[in-house]
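Enquirer: Here's a structure for you.
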Amino acid sequence: MRIEHLINGKPTAARHYFETVNPATQEVLAEVASGTAQEVDAAVRAAKDAFPAWAARPAVERANLLRKLGELISKNVPELADIETRDTGQTISQTRNQLVPRAADNFTYFAEMCTRVDGHTYPTQSHLNYTLFHPVGVCALISPWNVPFMTATWKVAPCLAFGNTAVLKMSELSPLTASMLGQLALEAGIPAGVLNVVHGYGKDAGEPLVAHPDVRAVSFTGSTVTGNRIVQAAGLKKFSMELGGKSPFVIFDDADFERALDAAIFMIFSNNGERCTAGSRIFVQKAIYATFAQRFVERAQRLTVGDPLDERTVIGPMISRAHLAKVRSYLELGPKEGATLACGGIGSTSVPEAMNQGNFVAPAVFVDVDNRMRIAQEEIFGPVACLIPFDDEAQAIRLANDIAYGLSSYVWTENAGRAHRVAAAIEAGMCFVNSQNVRDLRQPFGGTKASGVGREGGTWSYEVFLEPKNVCVSL
Ligand code: NAD
């Protein structure tokens, strides 16, 4: 099978192709167009040409088309989920029950929102100021390989809803569902050129896209290293940067132990641990640390690793051989730094025969970790938990904040005052109290420090996809 770019509503061939493989089996799934500056330029031109008519359409018409796209995604959940699981190794129970349905919700939600864009008024006795919101123009939307379909739609939906046009570039490691998104958008009646999809590598396709002078805004989700490169290459543009994380999961000794344990397991091991908001540094107060560590390790050892297409599987393969090597390198590093690997690790996974070429890693738990170790400071992005004991509230806050990142955070305590104090003190874009990561599409999603710039979600998406204009009228 060949996957082409989608430029101006037409499948467009490339000079070169790369292979995308199933990380559970190494089977080649498709040959995919490998974009270059030339194809990127054609896609940006198509988006630029389509912009005036799309921006001029009444919001209610754009909303109807986006709703239709949401319906088409809903109708195609089984196929999209199957393809996403084969392309990424994310388990079918996640893709079919949560991630692909959430992609449909993204369109329904922003369809509604774009008909309700409001403004502000600032009246004085001599002047009346009011704001108008205009679409920005051509937007570059760049998505990573983890949860690629949901992430792409999280960008495409507000971008198009607010009257912009887009060039979407998926990760070279997970391109398949995006090409279906382009086709479904056409089927929904979204005009050619409004959503263009270009495939390829970051250097060859991503960089010319963000640097293109006709691109006005860049919405990027990916690593902090790439985010920094993009800001340098792109020059002066609007940015939304959703970057890496190493989020603290803080459990006080008065917490609801069983619920905290469930949530801690979920936040590090679901989505194969390849989750930006993973609670990867688990701080546990000393009075409950030993019991918690023992129970956590027992639970981790019971998680089913294997065929991601099997409903019962909790942990599928890592996305690529290179990523598997990276995760393994941290499993080797931890003991050298002085941490104890209580379970998991190299060679400890048994998977079905047909999967023995897959990029599997058993859920791993490091105990008695020091927060300054590299395993606690660097984003591993796999099923690897670090358990760190702490004494009191002040120390928990200090350790939680002793990190370059600031994406998400989790606090578990039955003491309401402490919950609010710690939530306020943690340096992160999001804090969940007595809860795992639960998304409301109105909330500002994003991070601080090395985890990003800007927020998306609800009216927060105005920041990147709309341009406010102040009109000042003399009375
Ligand atoms: P990555 O930075 O390697 O790649 C992301 C995308 O950027 C890919 O499409 C890639 O082709 C492209 N790219 C690479 N170099 C580029 C360049 N020079 N110019 C333009 N584009 C370029 O990230 P990844 O490995 O695909 O994804 C994992 C990372 O994403 C993790 O750090 C994770 O935390 C982060 N992430 C963040 C969020 C969030 O919302 N904050 C969500 C999901 C993933």
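By order in the structure tokens, chains are A, B, ...; within a chain, residues start at 1; ligands start at 1, following the order shown.
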Using only C-alpha atoms and all ligand atoms, which protein or nucleic acid residues are at most 7 Å from ligand 1, as a VMD selection string?

Expert: chain A and resid 142 to 146 169 to 172 200 to 203 206 to 207 210 221 to 227 229 to 230 242 to 245 275 to 276 379 381 407 446 to 447 451 to 452

Enquirer: Which polymer residues have any atom within 7 Å of an atom of A:Val384, counting only C-alpha atoms, with same-chain residues fewer than 6 positions away left out, as a PDB file with N, CA and C atoms, in the first residue's frame?

Expert:
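Contents of the output file around09.pdb:
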```pdb
ATOM      1  N   PRO A 363       6.740  -3.669  32.119  1.00  0.00           N
ATOM      2  CA  PRO A 363       6.587  -2.515  33.009  1.00  0.00           C
ATOM      3  C   PRO A 363       7.645  -2.536  34.107  1.00  0.00           C
ATOM      4  N   ALA A 364       8.337  -1.442  34.241  1.00  0.00           N
ATOM      5  CA  ALA A 364       9.484  -1.403  35.154  1.00  0.00           C
ATOM      6  C   ALA A 364       9.241  -0.403  36.272  1.00  0.00           C
ATOM      7  N   VAL A 365       9.704  -0.775  37.455  1.00  0.00           N
ATOM      8  CA  VAL A 365       9.553   0.113  38.613  1.00  0.00           C
ATOM      9  C   VAL A 365      10.907   0.267  39.292  1.00  0.00           C
TER      10      VAL A 365
END
```

Enquirer: Taking only C-alpha atoms into account, name the residue in A:Val138, A:Met113, A:Ala255, A:Leu333 that is nearest to A:Asn415.

Expert: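 Nearest to A:Asn415: A:Ala255.
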
Enquirer: Give me, as a PyMOL selection string, the residues of stretch 68-159 of chain A that a backbone DSSP run labels helix (DSSP H, G or I).

Expert: chain A and resi 68-75+77-88+92-114+148-159

Enquirer: Could you work out how far atom CA of A:Arg2 lies from atom CA of A:Glu84, giving the answer in Å with one decimal?

Expert: 16.3 Å

Enquirer: What is the distance, in Å and to one decimal place, between atom CA of A:Leu66 and atom CA of A:Ala152?

Expert: 14.2 Å

Enquirer: Each residue of stretch 185-262 of chain A lying at most 8 Å from stretch 6-20 of chain A should get a row with its shortest atom-to-atom pair and the distance in Å to one decimal, counting only C-alpha atoms; could you produce that, ordered by chain and increasing number, as CSV?

Expert:
```
residue,atom,partner,partner_atom,distance
A:Leu186,CA,A:Gly9,CA,7.0
A:Pro191,CA,A:Gly9,CA,7.6
A:Ala192,CA,A:Gly9,CA,4.2
A:Gly193,CA,A:Asn8,CA,3.9
A:Val194,CA,A:Asn8,CA,7.5
A:Leu195,CA,A:Asn8,CA,7.9
A:Asn196,CA,A:Ile7,CA,5.1
A:Val197,CA,A:Leu6,CA,4.9
A:Val198,CA,A:Leu6,CA,6.5
```

Enquirer: Near A:Tyr109, counting only C-alpha atoms, which residues have an atom at most 12 Å away, once you skip same-chain residues fewer than 4 positions from it, shown as a PyMOL selection string?

Expert: chain A and resi 63-64+66-67+69-70+102-105+113-116+153-154+157-158+161+440-442+457-459

Enquirer: Residues as selected, C-alpha atoms, written as a compact mmCIF listing (two decimals), in the first residue's frame, can you do that?

Expert:
```txt
# COMPACT_ATOMS: atom_id res chain seq x y z
CA ALA A 63 -19.55 24.17 11.98
CA ASN A 64 -21.91 21.96 9.96
CA LEU A 66 -16.94 19.89 10.99
CA ARG A 67 -19.85 18.17 12.69
CA LEU A 69 -16.49 15.15 9.84
CA GLY A 70 -16.98 14.22 13.50
CA ARG A 102 -12.26 11.61 21.51
CA ALA A 103 -11.08 12.71 18.04
CA ALA A 104 -14.72 12.85 16.91
CA ASP A 105 -15.58 14.87 20.05
CA MET A 113 -17.53 26.84 19.78
CA CYS A 114 -16.80 28.61 16.52
CA THR A 115 -20.38 29.81 16.33
CA ARG A 116 -20.01 31.40 19.74
CA THR A 153 -7.67 16.41 15.45
CA TRP A 154 -7.09 18.45 18.61
CA ALA A 157 -10.62 21.03 14.68
CA PRO A 158 -10.06 24.50 16.23
CA ALA A 161 -13.43 25.89 12.95
CA ASP A 440 -12.48 18.67 29.80
CA LEU A 441 -12.15 20.28 26.38
CA ARG A 442 -12.70 23.75 27.89
CA GLY A 457 -8.59 24.02 24.60
CA GLY A 458 -11.82 26.02 24.76
CA THR A 459 -11.29 29.75 24.42
```

Enquirer: Kindly give the distance, in Å, that separates atom CA of A:Leu141 and atom CA of A:Gln90, rounded to a single decimal.

Expert: 21.8 Å

Enquirer: Under the rule that only C-alpha atoms are counted, which of A:Ser240, A:Gln38, A:Thr95, A:Ser247 is the nearest residue to A:Cys386?

Expert: A:Ser247

Enquirer: Where does DSSP see strand (DSSP E or B) in stretch 121-284 of chain A, if you list the residues as a ChimeraX atom specification?

Expert: /A:121-123,127-135,138-142,165-169,195-198,215-221,238-242,248-251,281-284

Enquirer: Could you pull the residues within 9 Å of A:Ser93, counting only C-alpha atoms, minus those fewer than 6 positions along the same chain, as number ranges by chain?

Expert: A: 81, 308-314
